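Listing of structure-v4.tsv; format and content: TSV, C-alpha atoms and all ligand atoms.
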chain	number	residue	atom	x	y	z
A	18	MET	CA	5.03	10.44	-25.20
A	19	ALA	CA	8.08	8.25	-24.90
A	20	PHE	CA	7.64	5.03	-22.99
A	21	ILE	CA	9.61	4.41	-19.80
A	22	PHE	CA	9.22	0.65	-19.84
A	23	LYS	CA	7.08	-2.00	-21.39
A	24	MET	CA	6.34	-5.50	-20.18
A	25	GLU	CA	5.80	-8.12	-22.84
A	26	SER	CA	4.09	-11.42	-21.98
A	27	LEU	CA	5.73	-11.18	-18.58
A	28	SER	CA	5.18	-13.78	-15.86
A	29	ALA	CA	6.58	-13.87	-12.34
A	30	SER	CA	6.52	-16.52	-9.64
A	31	TYR	CA	7.83	-17.42	-6.22
A	32	GLY	CA	8.93	-21.00	-6.60
A	33	THR	CA	6.04	-22.77	-8.31
A	34	ASN	CA	3.48	-20.14	-7.28
A	35	ILE	CA	2.76	-18.01	-10.36
A	36	VAL	CA	1.87	-14.53	-9.16
A	37	LEU	CA	1.82	-12.55	-12.41
A	38	GLU	CA	0.83	-14.16	-15.68
A	39	ASP	CA	1.23	-12.97	-19.27
A	40	VAL	CA	1.35	-9.27	-18.37
A	41	ASN	CA	1.50	-6.71	-21.17
A	42	PHE	CA	1.85	-3.21	-19.79
A	43	ARG	CA	3.41	0.01	-20.96
A	44	VAL	CA	4.17	3.14	-18.93
A	45	SER	CA	4.84	6.50	-20.59
A	46	GLU	CA	6.64	9.58	-19.32
A	47	ASP	CA	3.56	11.53	-18.21
A	48	ASP	CA	1.46	8.66	-16.84
A	49	PHE	CA	-0.22	8.71	-13.43
A	50	ILE	CA	-1.49	5.17	-13.01
A	51	GLY	CA	-3.30	3.69	-10.02
A	52	VAL	CA	-2.41	0.05	-9.51
A	53	ILE	CA	-5.33	-1.62	-7.79
A	54	GLY	CA	-6.16	-5.17	-6.89
A	55	PRO	CA	-6.94	-7.43	-3.94
A	56	ASN	CA	-4.46	-8.36	-1.24
A	57	GLY	CA	-2.08	-10.95	-2.61
A	58	GLY	CA	-3.02	-10.03	-6.19
A	59	GLY	CA	0.59	-9.28	-7.17
A	60	LYS	CA	0.81	-5.48	-6.89
A	61	THR	CA	4.02	-5.37	-4.85
A	62	THR	CA	5.49	-8.09	-7.06
A	63	LEU	CA	4.82	-5.88	-10.08
A	64	LEU	CA	6.84	-3.10	-8.43
A	65	LYS	CA	9.65	-5.54	-7.56
A	66	ILE	CA	9.87	-6.57	-11.21
A	67	ILE	CA	10.14	-2.92	-12.27
A	68	LEU	CA	12.83	-2.34	-9.63
A	69	GLY	CA	14.73	-5.41	-10.84
A	70	LEU	CA	14.49	-7.04	-7.40
A	71	ILE	CA	13.02	-10.16	-8.95
A	72	LYS	CA	13.38	-11.47	-12.50
A	73	PRO	CA	10.49	-12.58	-14.71
A	74	VAL	CA	10.23	-16.34	-15.28
A	75	SER	CA	9.11	-15.66	-18.84
A	76	GLY	CA	8.56	-12.64	-21.05
A	77	GLU	CA	10.47	-9.45	-20.43
A	78	ILE	CA	10.54	-5.89	-19.22
A	79	ILE	CA	12.18	-3.46	-21.60
A	80	PHE	CA	13.32	-0.04	-20.48
A	81	ASN	CA	13.54	2.76	-23.02
A	82	PRO	CA	17.22	2.93	-23.99
A	83	ASP	CA	16.86	6.62	-24.87
A	84	LEU	CA	16.07	7.36	-21.25
A	85	SER	CA	18.96	5.44	-19.74
A	86	GLY	CA	21.13	7.50	-17.48
A	87	SER	CA	18.23	9.68	-16.44
A	88	CYS	CA	15.98	6.68	-15.87
A	89	ALA	CA	16.43	6.29	-12.14
A	90	ILE	CA	13.38	4.99	-10.33
A	91	GLY	CA	12.10	6.51	-7.08
A	92	TYR	CA	10.45	4.10	-4.68
A	93	LEU	CA	8.22	4.72	-1.68
A	94	PRO	CA	7.92	1.30	-0.04
A	95	GLN	CA	5.02	0.05	2.01
A	96	ILE	CA	5.69	1.48	5.48
A	97	SER	CA	3.85	1.29	8.76
A	98	THR	CA	4.30	3.90	11.46
A	99	GLY	CA	5.47	1.16	13.83
A	100	ASP	CA	8.71	0.92	11.83
A	101	LEU	CA	9.60	4.53	12.47
A	102	SER	CA	10.92	4.89	15.99
A	103	TYR	CA	14.60	5.05	14.90
A	104	PRO	CA	16.53	8.08	16.08
A	105	VAL	CA	17.46	9.26	12.58
A	106	SER	CA	16.93	12.76	11.27
A	107	VAL	CA	14.77	13.97	8.40
A	108	THR	CA	17.89	15.01	6.45
A	109	ASP	CA	19.51	11.57	6.92
A	110	VAL	CA	16.45	9.75	5.60
A	111	ILE	CA	16.15	12.04	2.57
A	112	LEU	CA	19.88	11.72	1.86
A	113	SER	CA	19.64	7.93	2.05
A	114	GLY	CA	17.64	8.16	-1.19
A	115	MET	CA	20.83	9.44	-2.81
A	116	MET	CA	22.81	6.50	-1.48
A	117	ILE	CA	20.49	4.01	-3.15
A	118	ARG	CA	21.04	5.79	-6.41
A	119	LYS	CA	24.82	5.69	-6.07
A	120	ARG	CA	24.58	2.06	-4.99
A	121	ILE	CA	27.68	2.46	-2.85
A	122	ILE	CA	28.09	4.09	0.48
A	123	THR	CA	30.08	7.23	-0.04
A	124	ARG	CA	30.34	10.42	1.91
A	125	MET	CA	27.64	12.86	1.01
A	126	SER	CA	28.96	15.83	-0.93
A	127	LYS	CA	28.11	19.42	-0.20
A	128	GLU	CA	25.99	19.32	-3.32
A	129	ASP	CA	23.99	16.34	-2.01
A	130	ARG	CA	23.29	18.21	1.21
A	131	LYS	CA	22.18	21.26	-0.74
A	132	LYS	CA	19.89	19.06	-2.78
A	133	ALA	CA	18.42	17.55	0.39
A	134	ALA	CA	17.80	21.04	1.76
A	135	GLY	CA	15.90	21.87	-1.45
A	136	ILE	CA	13.79	18.73	-1.13
A	137	ILE	CA	13.01	19.56	2.51
A	138	GLU	CA	11.66	22.93	1.34
A	139	GLU	CA	9.73	21.38	-1.53
A	140	MET	CA	8.11	18.86	0.81
A	141	GLY	CA	6.98	21.61	3.18
A	142	LEU	CA	9.33	20.48	5.96
A	143	SER	CA	11.26	23.73	6.45
A	144	GLY	CA	13.20	23.86	9.70
A	145	MET	CA	12.74	20.14	10.35
A	146	GLY	CA	15.96	18.83	8.81
A	147	ARG	CA	17.39	17.93	12.21
A	148	SER	CA	14.14	16.62	13.67
A	149	SER	CA	14.04	12.95	14.48
A	150	LEU	CA	11.41	10.84	12.72
A	151	SER	CA	9.73	10.03	16.01
A	152	GLU	CA	8.81	13.71	16.40
A	153	LEU	CA	6.83	13.89	13.15
A	154	SER	CA	3.17	13.54	12.33
A	155	GLY	CA	1.93	10.92	9.87
A	156	GLY	CA	1.65	13.45	7.05
A	157	GLN	CA	5.15	14.81	7.67
A	158	LEU	CA	6.61	11.31	7.72
A	159	GLN	CA	4.98	10.52	4.46
A	160	ARG	CA	6.54	13.61	2.88
A	161	VAL	CA	9.98	12.68	4.27
A	162	PHE	CA	9.76	9.31	2.50
A	163	LEU	CA	8.43	10.96	-0.62
A	164	GLY	CA	11.45	13.31	-0.52
A	165	ARG	CA	13.71	10.30	-0.16
A	166	ALA	CA	12.09	8.70	-3.21
A	167	ILE	CA	12.52	11.73	-5.47
A	168	ILE	CA	15.94	13.09	-4.46
A	169	GLY	CA	17.56	11.18	-7.33
A	170	ASP	CA	15.38	12.98	-9.94
A	171	PRO	CA	13.65	9.80	-11.09
A	172	LYS	CA	11.73	9.50	-14.35
A	173	LEU	CA	9.39	7.08	-12.62
A	174	LEU	CA	8.02	7.18	-9.09
A	175	LEU	CA	6.64	3.99	-7.54
A	176	LEU	CA	4.41	4.24	-4.46
A	177	ASP	CA	3.28	1.15	-2.56
A	178	GLU	CA	0.11	1.73	-0.52
A	179	PRO	CA	1.05	5.32	0.44
A	180	GLY	CA	-2.36	5.82	2.05
A	181	ASN	CA	-1.65	3.21	4.71
A	182	PHE	CA	0.08	5.39	7.22
A	183	VAL	CA	-1.20	8.85	6.63
A	184	ASP	CA	-3.93	10.52	8.59
A	185	SER	CA	-6.70	11.96	6.46
A	186	THR	CA	-5.83	15.58	7.33
A	187	PHE	CA	-2.73	15.32	5.15
A	188	GLU	CA	-4.14	13.19	2.41
A	189	ASN	CA	-5.00	16.10	0.13
A	190	ASP	CA	-1.61	17.77	0.59
A	191	PHE	CA	0.05	14.55	-0.36
A	192	TYR	CA	-1.93	14.07	-3.56
A	193	GLU	CA	-1.37	17.73	-4.47
A	194	LYS	CA	2.39	17.08	-4.15
A	195	LEU	CA	2.09	14.05	-6.39
A	196	LYS	CA	0.23	16.08	-8.98
A	197	GLU	CA	3.12	18.57	-9.05
A	198	LEU	CA	5.68	15.78	-9.30
A	199	ASN	CA	3.73	14.22	-12.17
A	200	LYS	CA	4.75	17.22	-14.30
A	201	ARG	CA	8.30	15.84	-14.27
A	202	MET	CA	7.93	12.10	-13.68
A	203	ALA	CA	5.56	9.23	-14.33
A	204	ILE	CA	3.83	7.85	-11.24
A	205	LEU	CA	2.64	4.35	-10.49
A	206	MET	CA	0.67	4.24	-7.25
A	207	VAL	CA	-0.43	0.97	-5.64
A	208	SER	CA	-3.54	0.92	-3.51
A	209	HIS	CA	-6.27	-1.55	-2.64
A	210	ASP	CA	-8.56	1.40	-1.97
A	211	ILE	CA	-10.08	2.61	-5.23
A	212	GLY	CA	-12.18	5.37	-3.68
A	213	MET	CA	-9.13	6.98	-2.10
A	214	ILE	CA	-7.13	7.33	-5.31
A	215	SER	CA	-9.84	7.67	-7.93
A	216	ALA	CA	-9.80	11.47	-7.79
A	217	HIS	CA	-6.08	11.65	-8.52
A	218	VAL	CA	-4.89	9.08	-11.04
A	219	ARG	CA	-5.43	9.32	-14.78
A	220	SER	CA	-5.72	5.61	-15.48
A	221	TYR	CA	-5.79	2.26	-13.72
A	222	ALA	CA	-4.12	-1.09	-13.88
A	223	CYS	CA	-6.03	-3.81	-12.08
A	224	VAL	CA	-3.65	-6.54	-10.94
A	225	ASN	CA	-4.92	-9.93	-9.90
A	226	ARG	CA	-2.43	-12.38	-11.39
A	227	LYS	CA	-3.45	-10.93	-14.75
A	228	LEU	CA	-3.09	-7.21	-15.39
A	229	ASN	CA	-5.94	-5.28	-16.98
A	230	TYR	CA	-5.28	-1.71	-17.99
A	231	HIS	CA	-8.12	0.85	-17.93
A	232	PRO	CA	-7.05	3.95	-19.86
A	233	SER	CA	-9.42	6.28	-18.03
A	234	SER	CA	-9.68	7.48	-14.44
A	235	GLU	CA	-13.39	6.75	-14.57
A	236	ILE	CA	-13.98	3.20	-13.64
A	237	SER	CA	-17.35	1.74	-12.82
A	238	ASN	CA	-18.08	-1.13	-10.49
A	239	GLU	CA	-19.47	-3.01	-13.50
A	240	GLN	CA	-16.19	-2.60	-15.39
A	241	LEU	CA	-14.22	-3.81	-12.42
A	242	LEU	CA	-16.42	-6.85	-12.17
A	243	ALA	CA	-16.12	-7.50	-15.90
A	244	TYR	CA	-12.34	-7.44	-15.57
A	245	GLY	CA	-12.43	-9.94	-12.75
A	246	CYS	CA	-11.90	-7.41	-9.96
A	247	PRO	CA	-14.78	-7.99	-7.57
A	248	ILE	CA	-15.41	-5.04	-5.34
A	249	GLN	CA	-16.78	-4.34	-1.93
A	250	LEU	CA	-17.81	-1.18	-0.17
A	251	ILE	CA	-16.38	-0.69	3.30
A	252	THR	CA	-16.60	2.19	5.70
A	253	HIS	CA	-13.82	3.88	7.68
A	254	GLY	CA	-15.57	6.09	10.22
A	255	THR	CA	-18.20	7.80	8.11
A	256	VAL	CA	-16.33	7.67	4.79
A	257	PRO	CA	-17.33	4.89	2.40
A	258	HIS	CA	-14.44	3.30	0.52
A	259	THR	CA	-14.57	1.03	-2.46
A	260	VAL	CA	-12.07	-1.76	-2.05
A	261	LEU	CA	-11.38	-4.96	-3.88
A	262	LYS	CA	-12.83	-8.10	-2.46
A	263	GLN	CA	-10.56	-11.08	-1.93
A	264	HIS	CA	-10.50	-13.10	-5.13
A	265	ASN	CA	-10.71	-16.88	-5.13
B	1	LIG	N1	8.88	-13.30	-1.00
B	1	LIG	C1	7.83	-14.08	-1.29
B	1	LIG	N2	7.96	-15.43	-1.29
B	1	LIG	C2	6.91	-16.24	-1.57
B	1	LIG	N3	5.70	-15.78	-1.91
B	1	LIG	C3	5.50	-14.45	-1.92
B	1	LIG	C4	6.56	-13.53	-1.62
B	1	LIG	N4	6.08	-12.28	-1.73
B	1	LIG	C5	4.78	-12.40	-2.08
B	1	LIG	N5	4.43	-13.69	-2.20
B	1	LIG	C6	3.10	-14.20	-2.60
B	1	LIG	O1	2.80	-13.69	-3.89
B	1	LIG	C7	1.45	-13.25	-3.98
B	1	LIG	C8	1.41	-11.79	-4.39
B	1	LIG	O2	1.98	-11.00	-3.36
B	1	LIG	P1	2.13	-9.44	-3.48
B	1	LIG	O3	2.78	-9.11	-4.78
B	1	LIG	O4	2.82	-8.98	-2.25
B	1	LIG	O5	0.61	-8.98	-3.50
B	1	LIG	P2	-0.06	-7.57	-3.17
B	1	LIG	O6	1.02	-6.54	-3.06
B	1	LIG	O7	-1.02	-7.32	-4.29
B	1	LIG	O8	-0.80	-7.77	-1.87
B	1	LIG	C9	0.82	-13.55	-2.63
B	1	LIG	O9	0.16	-14.79	-2.73
B	1	LIG	C10	2.01	-13.67	-1.70
B	1	LIG	O10	1.73	-14.57	-0.65
B	2	MG	MG	1.60	-5.22	-1.51
Starting from the file, lay out its structure as structure tokens.
Amino acid sequence: MAFIFKMESLSASYGTNIVLEDVNFRVSEDDFIGVIGPNGGGKTTLLKIILGLIKPVSGEIIFNPDLSGSCAIGYLPQISTGDLSYPVSVTDVILSGMMIRKRIITRMSKEDRKKAAGIIEEMGLSGMGRSSLSELSGGQLQRVFLGRAIIGDPKLLLLDEPGNFVDSTFENDFYEKLKELNKRMAILMVSHDIGMISAHVRSYACVNRKLNYHPSSEISNEQLLAYGCPIQLITHGTVPHTVLKQHN
């Protein structure tokens, strides 16, 4: 499988605070990787490096030149439902994913609108194109933002804590969608909740300043500990979740 990008001895910092150190990491076309790690471990920073929002202080990230042109990246940022009271429609939000790709604000073509209509169908939001975000359930919102992330036909989809604002009723639907999308794009999904994503990803990267890659979806508590990712079991309602303990 062709690689999408590789990081070589990459480090990143905010001022003098080194957040990622000597990271070597490669993502291939068909990957579905869970990015786990404690709060403040550097997961979002890793995504920002991939998106080019911040530059490494040393080392580099190399994108596959053979994939350029088609190598757009889809991004589902960390969102909380509190942010979503704007009176914008489902179609507008999905179309805004196109605008990011064009990088300039242009009028949307008929073709763009047709594409958005297709995405609305694909995301199971038929008939909701004109609905305002405030009318939607958590699961529907999540699919709107997923539609926005994929409208540009990315080769790589980045998801930052997508479980944060979805209610559990829609969780399975969402992961089923991701599984379908993984047939045509690589996926990198950030979560601090290992239990929640363990059934869906094919491998893990544990990020806590250093990045440790685990090439299997099976990951034991002992392995996590050995890689410097201390874990903790917490309970939401009656469901136990394995999460990463705050590191020193
Ligand atoms: N814009 C920023 N300026 C300064 N420090 C930041 C900034 N963003 C994140 N950090 C710091 O970098 C570290 C890693 O943050 P982040 O990548 O957001 O971690 P995670 O997503 O794993 O919780 C944290 O210590 C955080 O406080
Ligand atoms: Mg984060």
Task: Selection near region 160-176 of chain A, 6 Å with only C-alpha atoms, sequence-local residues under 4 positions removed, as a ChimeraX atom specification - done: /A:88-93,111,114-115,136,140,202-207
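Atom pair CA of Val224 (chain A) / CA of Val44 (chain A): separated by 14.8 Å.
Closest approach to Leu64 (chain A) from the set A:Ile211, A:Ala19, A:Val218, A:Leu37 is made by A:Leu37, with distances taken over only C-alpha atoms.
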Task: Distance filter 10 Å around ligand MG 2 (chain B), atoms: all atoms listed in the file, out as a ChimeraX atom specification - done: /A:54-64,94-95,177-178,207-209
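Minimum atom-to-atom distance to ligand LIG 1 (chain B), evaluated using only C-alpha atoms and all ligand atoms, belongs to A:Asn225 out of A:Ser45, A:Ser220, A:Asn225, A:Ser233.
Coordinates place CA of Lys227 (chain A) at a distance of 13.1 Å from atom O9 of ligand LIG 1 (chain B).
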Task: For CA of Leu158 (chain A) and CA of Ile66 (chain A), the interatomic separation in Å (one decimal) - done: 26.2 Å
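In this comparison, which uses only C-alpha atoms and all ligand atoms, the residue of A:Arg226, A:Lys196, A:Arg201, A:Lys23 approaching ligand LIG 1 (chain B) most closely is A:Arg226.
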Task: Among the residues A:Ala216, A:Ile78, A:Gly144, A:Asp210, the one that comes closest to ligand LIG 1 (chain B) [using all atoms listed in the file] - done: A:Asp210
As JSON: centre and edge lengths in Å, one decimal, of the axis-aligned box holding ligand LIG 1 (chain B) with 8 Å per side:
{"center_x": 3.9, "center_y": -11.4, "center_z": -2.7, "size_x": 25.9, "size_y": 25.7, "size_z": 20.1}
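The shortest atom-to-atom distance to ligand LIG 1 (chain B), with only C-alpha atoms and all ligand atoms taken into account, belongs to A:Ile71 out of A:Ser151, A:Gly51, A:Ser26, A:Ile71.
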